[in-house]
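Peer 1: Quick one: the structure is below, questions incoming.
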Amino acid sequence: MTADTDTDRPTGDQSTPPYAPEPQRAAAAAPIAAIDPDELPDGLVVADAAGRVICFNAAAGRITSVAPARALGRPLEQALPLEDLKGRRWWAMTDPYGGLATRTGQPERNLLLPGGREVLVSARYIRDTPAGPVRRVVVSLRGTEARRRTERSHAELIATVAHELRSPLTSVKGFTATLLAKWERFTDDQKRLMLETVDADANRVTRLIAELLDISRIDSGRLEVRRQPVDIAAAVGRHIQAHTAGGQSPDRFFVRVRPGLPDLWADPDKIDQVLGNLLENAVRHGEGTVTIEVAPATAQDDEKGTAVTVSDEGPGIPEESMGRVFTRFWRGSKRGGTGLGLYIVKGIVEAHGGTITVGRGPRGGAEFRFILPVSAPAYLA
């Protein structure tokens with residue numbers, strides 16, 4: 001932005017361009033001085049020693065709905081009329097040009113524009129000497145959309161957890177209270193049925209808590225991977241046996257293990273979690289035969305490792321939904337589950353340095369394919 005042309009602006013400021021570097025810092029500041037403020041992603045507002053706006057970039061105009069040309073040359077409190085959440089005028093309350101001379105600025109906080117629109121504001125006070133008068137006030141503005149999306153995501157997580165916990169805990173509470181109050185009235189078979197239900201619901205709560213802990217570690221980048229030798233073909237076989245023991249027909253599963261598999265060093269528990277989630281999704285949401293293929297990664301994958309593909313013959317995932325499959329709370333056409341499983345699967349695969357994709361299988365169903373690269377054991381990593 002150029003300096004304003006307001007006639008009552010101090011003559012001292014008119015002789016110096018607003019972004020001319022100080023002589024002792026000219027060499028270091030030269031590359032920064034060449035940046036156009038309108039290229040910055042955040043809103044930038046700069047006021048001079050007299051409190052008049054000398055820079056109001058395009059992003060600030062978008063955020064505040066004030067044309068930069070209208071803001072230039074105006075007093076800061078008029079060009080950027082901010083209030084705190086209690087309705088107090090922000091510039092009058094903080095008084096950047098007065099007050100303690102040791103202040104260096106204001107930390108980021110939520111403030112309100114006219115009309116009640118929220119904006120994230122931080123400020124820095126520029127002085128020639130540590131306790132000297134304020135030469136410039138530099139204000140950064142950011143919209144609150146990203147923060148609101150994060151808050152919505154957290155609210156959805158809390159609501160989902162509350163909903164998922166309420167059902168099993170209600171069952172546990174109901175059965176245990178009934179057994180305690182009327183133990184003698186029930187037969188052994190009835191008691192066993194109720195205790196089995198309590199046990200199943202307790203396991204459901206345990207799984208949900210484990211999912212929440214996994215999400216916390218994935219989001220914070222603290223998901224630990226303990227690499228050990230893994231026989232992934234045997235792991236697939238164990239999961240299929242679990243499904244057939246639970247009532248699924250053995251004919252529903254087809255396993256193909258290609259020769260030449262490289263040694264796989266991975267976290268056995270976490271790989272079990274990935275396989276279990278993908279197979280459960282294929283059984284619950286897919287139809288027909290569930291095909292699991294374990295093969296060396298191909299040349300098209302641009303890396304050496306083990307590729308695992310899980311596909312079914314169901315309706316598949318709509319094209320418009322494929323980009324959201326690995327996000328939190330995504331569920332297919334059938335309800336059930338927390339919608340967190342595939343998000344965790346992606347986090348686990350990526351923690352191993354691998355990749356996972358979703359597409360349409362050869363027979364029309366969903367196809368998930370993840371690749372675990374060749375790696376070293378934990379004590380050598």
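Labeling convention for the structure tokens: chains A, B, ... as they appear, residues from 1 per chain, ligands from 1 in order of appearance.
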Which residues, written as an NGL selection string, have at least one atom at most 9 Å from Val134 (chain A), with only C-alpha atoms counted and residues fewer than 5 positions away on the same chain left out?
Peer 2: :A and (48-49 or 96-98 or 101 or 125-128)
Peer 1: Leaving out Arg62 (chain A) and any residue of its chain fewer than 3 positions from it, which residues lie within 12 Å of it when counting only C-alpha atoms, given as a JSON list (two decimals) with all heavy atoms, in the first residue's frame?
Peer 2:
[["chain", "number", "residue", "atom", "x", "y", "z"],
["A", 38, "ASP", "N", -0.49, -6.80, 0.04],
["A", 38, "ASP", "CA", -1.67, -7.49, -0.49],
["A", 38, "ASP", "C", -1.39, -8.96, -0.78],
["A", 38, "ASP", "O", -2.33, -9.74, -0.99],
["A", 38, "ASP", "CB", -2.15, -6.80, -1.77],
["A", 38, "ASP", "CG", -2.81, -5.46, -1.48],
["A", 38, "ASP", "OD1", -3.21, -5.25, -0.31],
["A", 38, "ASP", "OD2", -2.93, -4.65, -2.40],
["A", 41, "PRO", "N", -1.40, -13.56, 3.44],
["A", 41, "PRO", "CA", -2.68, -14.27, 3.62],
["A", 41, "PRO", "C", -3.54, -13.71, 4.73],
["A", 41, "PRO", "O", -4.75, -13.89, 4.71],
["A", 41, "PRO", "CB", -2.22, -15.70, 3.94],
["A", 41, "PRO", "CG", -0.88, -15.53, 4.57],
["A", 41, "PRO", "CD", -0.24, -14.36, 3.87],
["A", 42, "ASP", "N", -2.92, -13.04, 5.72],
["A", 42, "ASP", "CA", -3.68, -12.47, 6.83],
["A", 42, "ASP", "C", -3.86, -10.98, 6.64],
["A", 42, "ASP", "O", -3.11, -10.33, 5.90],
["A", 42, "ASP", "CB", -2.95, -12.72, 8.16],
["A", 42, "ASP", "CG", -2.89, -14.18, 8.53],
["A", 42, "ASP", "OD1", -3.76, -14.93, 8.05],
["A", 42, "ASP", "OD2", -1.99, -14.57, 9.29],
["A", 43, "GLY", "N", -4.86, -10.45, 7.33],
["A", 43, "GLY", "CA", -5.08, -9.02, 7.27],
["A", 43, "GLY", "C", -3.96, -8.26, 7.97],
["A", 43, "GLY", "O", -3.50, -8.66, 9.04],
["A", 44, "LEU", "N", -3.50, -7.17, 7.37],
["A", 44, "LEU", "CA", -2.44, -6.34, 7.94],
["A", 44, "LEU", "C", -2.91, -4.89, 7.97],
["A", 44, "LEU", "O", -3.29, -4.33, 6.93],
["A", 44, "LEU", "CB", -1.16, -6.46, 7.13],
["A", 44, "LEU", "CG", -0.01, -5.54, 7.56],
["A", 44, "LEU", "CD1", 0.49, -5.94, 8.95],
["A", 44, "LEU", "CD2", 1.13, -5.57, 6.54],
["A", 56, "PHE", "N", -3.46, -0.85, 4.85],
["A", 56, "PHE", "CA", -4.69, -1.63, 5.06],
["A", 56, "PHE", "C", -4.76, -2.57, 3.87],
["A", 56, "PHE", "O", -5.24, -2.19, 2.79],
["A", 56, "PHE", "CB", -5.90, -0.70, 5.10],
["A", 56, "PHE", "CG", -7.10, -1.28, 5.79],
["A", 56, "PHE", "CD1", -7.32, -1.07, 7.15],
["A", 56, "PHE", "CD2", -8.03, -2.01, 5.09],
["A", 56, "PHE", "CE1", -8.44, -1.58, 7.80],
["A", 56, "PHE", "CE2", -9.15, -2.53, 5.71],
["A", 56, "PHE", "CZ", -9.37, -2.31, 7.07],
["A", 57, "ASN", "N", -4.24, -3.78, 4.03],
["A", 57, "ASN", "CA", -4.07, -4.64, 2.86],
["A", 57, "ASN", "C", -5.39, -5.27, 2.41],
["A", 57, "ASN", "O", -6.44, -5.12, 3.06],
["A", 57, "ASN", "CB", -2.98, -5.69, 3.09],
["A", 57, "ASN", "CG", -3.41, -6.81, 4.04],
["A", 57, "ASN", "OD1", -4.43, -6.70, 4.71],
["A", 57, "ASN", "ND2", -2.63, -7.87, 4.09],
["A", 58, "ALA", "N", -5.31, -5.99, 1.28],
["A", 58, "ALA", "CA", -6.52, -6.56, 0.68],
["A", 58, "ALA", "C", -7.18, -7.57, 1.61],
["A", 58, "ALA", "O", -8.41, -7.63, 1.70],
["A", 58, "ALA", "CB", -6.18, -7.20, -0.66],
["A", 59, "ALA", "N", -6.38, -8.39, 2.31],
["A", 59, "ALA", "CA", -6.96, -9.37, 3.23],
["A", 59, "ALA", "C", -7.71, -8.69, 4.36],
["A", 59, "ALA", "O", -8.79, -9.14, 4.77],
["A", 59, "ALA", "CB", -5.87, -10.29, 3.78],
["A", 65, "SER", "N", -14.69, -6.11, 5.54],
["A", 65, "SER", "CA", -15.65, -5.55, 4.58],
["A", 65, "SER", "C", -15.50, -4.03, 4.46],
["A", 65, "SER", "O", -16.46, -3.31, 4.19],
["A", 65, "SER", "CB", -17.09, -5.90, 4.96],
["A", 65, "SER", "OG", -17.28, -7.30, 4.95],
["A", 66, "VAL", "N", -14.28, -3.55, 4.69],
["A", 66, "VAL", "CA", -13.97, -2.12, 4.54],
["A", 66, "VAL", "C", -13.00, -1.98, 3.38],
["A", 66, "VAL", "O", -11.97, -2.67, 3.33],
["A", 66, "VAL", "CB", -13.35, -1.54, 5.83],
["A", 66, "VAL", "CG1", -12.90, -0.10, 5.61],
["A", 66, "VAL", "CG2", -14.34, -1.62, 6.98],
["A", 67, "ALA", "N", -13.31, -1.10, 2.44],
["A", 67, "ALA", "CA", -12.42, -0.89, 1.31],
["A", 67, "ALA", "C", -11.11, -0.27, 1.80],
["A", 67, "ALA", "O", -11.13, 0.71, 2.56],
["A", 67, "ALA", "CB", -13.08, 0.03, 0.28],
["A", 68, "PRO", "N", -9.96, -0.83, 1.40],
["A", 68, "PRO", "CA", -8.68, -0.26, 1.85],
["A", 68, "PRO", "C", -8.56, 1.23, 1.57],
["A", 68, "PRO", "O", -8.00, 1.97, 2.38],
["A", 68, "PRO", "CB", -7.64, -1.07, 1.07],
["A", 68, "PRO", "CG", -8.31, -2.40, 0.86],
["A", 68, "PRO", "CD", -9.76, -2.08, 0.63],
["A", 119, "VAL", "N", -13.48, -11.67, 14.82],
["A", 119, "VAL", "CA", -12.21, -11.67, 14.11],
["A", 119, "VAL", "C", -11.11, -11.87, 15.14],
["A", 119, "VAL", "O", -11.23, -11.46, 16.30],
["A", 119, "VAL", "CB", -12.02, -10.33, 13.34],
["A", 119, "VAL", "CG1", -11.96, -9.15, 14.28],
["A", 119, "VAL", "CG2", -10.79, -10.39, 12.46],
["A", 141, "LEU", "N", -4.92, -9.42, 11.43],
["A", 141, "LEU", "CA", -6.32, -9.86, 11.47],
["A", 141, "LEU", "C", -6.45, -11.22, 10.81],
["A", 141, "LEU", "O", -5.85, -11.47, 9.76],
["A", 141, "LEU", "CB", -7.22, -8.87, 10.73],
["A", 141, "LEU", "CG", -7.17, -7.40, 11.15],
["A", 141, "LEU", "CD1", -8.04, -6.56, 10.22],
["A", 141, "LEU", "CD2", -7.64, -7.24, 12.58],
["A", 142, "ARG", "N", -7.21, -12.08, 11.43],
["A", 142, "ARG", "CA", -7.52, -13.39, 10.83],
["A", 142, "ARG", "C", -8.98, -13.71, 11.04],
["A", 142, "ARG", "O", -9.55, -13.37, 12.09],
["A", 142, "ARG", "CB", -6.67, -14.50, 11.45],
["A", 142, "ARG", "CG", -5.21, -14.43, 11.09],
["A", 142, "ARG", "CD", -4.47, -15.71, 11.41],
["A", 142, "ARG", "NE", -4.50, -16.02, 12.82],
["A", 142, "ARG", "CZ", -4.82, -17.21, 13.31],
["A", 142, "ARG", "NH1", -5.18, -18.19, 12.50],
["A", 142, "ARG", "NH2", -4.79, -17.43, 14.60],
["A", 143, "GLY", "N", -9.59, -14.37, 10.06],
["A", 143, "GLY", "CA", -10.96, -14.82, 10.21],
["A", 143, "GLY", "C", -11.04, -15.97, 11.20],
["A", 143, "GLY", "O", -10.04, -16.62, 11.52]]
Peer 1: How far is it from CA of Ala234 (chain A) to CA of Val257 (chain A), in Å with one decimal?
Peer 2: 10.2 Å
Peer 1: Using DSSP on the backbone, list every residue of region 177-329 of chain A that comes out as helix (DSSP H, G or I), and give them as a PyMOL selection string.
Peer 2: chain A and resi 177-185+188-220+232-245+250-252+268-285+299-301+319-324
Peer 1: Using only C-alpha atoms, determine which residues lie at most 9 Å from Val46 (chain A), disregarding the query and same-chain residues fewer than 6 positions distant; provide the list as a ChimeraX atom specification.
Peer 2: /A:18,52-56,76,136-140
Peer 1: What is the distance, in Å and to one decimal place, between CA of Ala245 (chain A) and CA of Val349 (chain A)?
Peer 2: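 One can read the CA of Ala245 (chain A) to CA of Val349 (chain A) distance as 27.4 Å.
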Peer 1: With a distance cut-off of 12 Å and only C-alpha atoms, select the neighbouring residues of region 222-227 of chain A, excluding the residue or stretch itself and same-chain residues fewer than 4 positions from it, and output the selection as JSON, numbers by chain.
Peer 2: {"A": [213, 214, 215, 216, 217, 218, 263, 264, 265, 266, 267, 268, 269, 270, 271, 344, 345, 346, 347, 348, 349, 350, 351, 352, 353, 372, 374, 375, 376, 377, 378, 379, 380, 381]}
Peer 1: Identify, on the basis of only C-alpha atoms, every residue whose closest approach to Gly359 (chain A) does not exceed 9 Å; exclude the query and any residue fewer than 3 positions from it along the same chain; express the result as a PyMOL selection string.
Peer 2: chain A and resi 316-317+319+322+365-369
Peer 1: The selected residues should be written to file as a compact mmCIF listing (two decimals), in the first residue's frame (atoms: C-alpha atoms).
Peer 2:
# COMPACT_ATOMS: atom_id res chain seq x y z
CA GLY A 316 -19.31 -49.40 -3.25
CA ILE A 317 -18.69 -45.84 -2.14
CA GLU A 319 -17.56 -40.96 -6.08
CA MET A 322 -14.47 -40.92 -1.59
CA GLY A 365 -17.65 -52.76 -4.42
CA ALA A 366 -15.36 -50.68 -2.27
CA GLU A 367 -11.65 -51.37 -2.45
CA PHE A 368 -9.18 -50.27 0.22
CA ARG A 369 -5.48 -50.64 -0.49
Peer 1: Which residue out of A:Leu80, A:Leu120, A:Leu278, A:Val310 has the minimum interatomic distance to Ile292 (chain A) when only C-alpha atoms are used?
Peer 2: A:Val310
Peer 1: Pick from A:Asp312, A:Ile371, A:Pro130, A:Gln300: nearest to Phe253 (chain A), with only C-alpha atoms counted?
Peer 2: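 Going through A:Asp312, A:Ile371, A:Pro130, A:Gln300 one by one, the smallest distance to Phe253 (chain A) is for A:Asp312.
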Peer 1: Name the closest residue to Val290 (chain A) among the candidates A:Lys173, A:Lys182, A:Arg363, A:Arg89; distances are taken between atoms, counting only C-alpha atoms.
Peer 2: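 Checking each candidate against Val290 (chain A), we get A:Arg363 as the closest.
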Peer 1: If you count only C-alpha atoms, which residues fall within 12 Å of Pro318 (chain A), apart from same-chain ones fewer than 3 positions away, as a ChimeraX atom specification?
Peer 2: /A:314-315,321-325,331-333,358-360,364-366
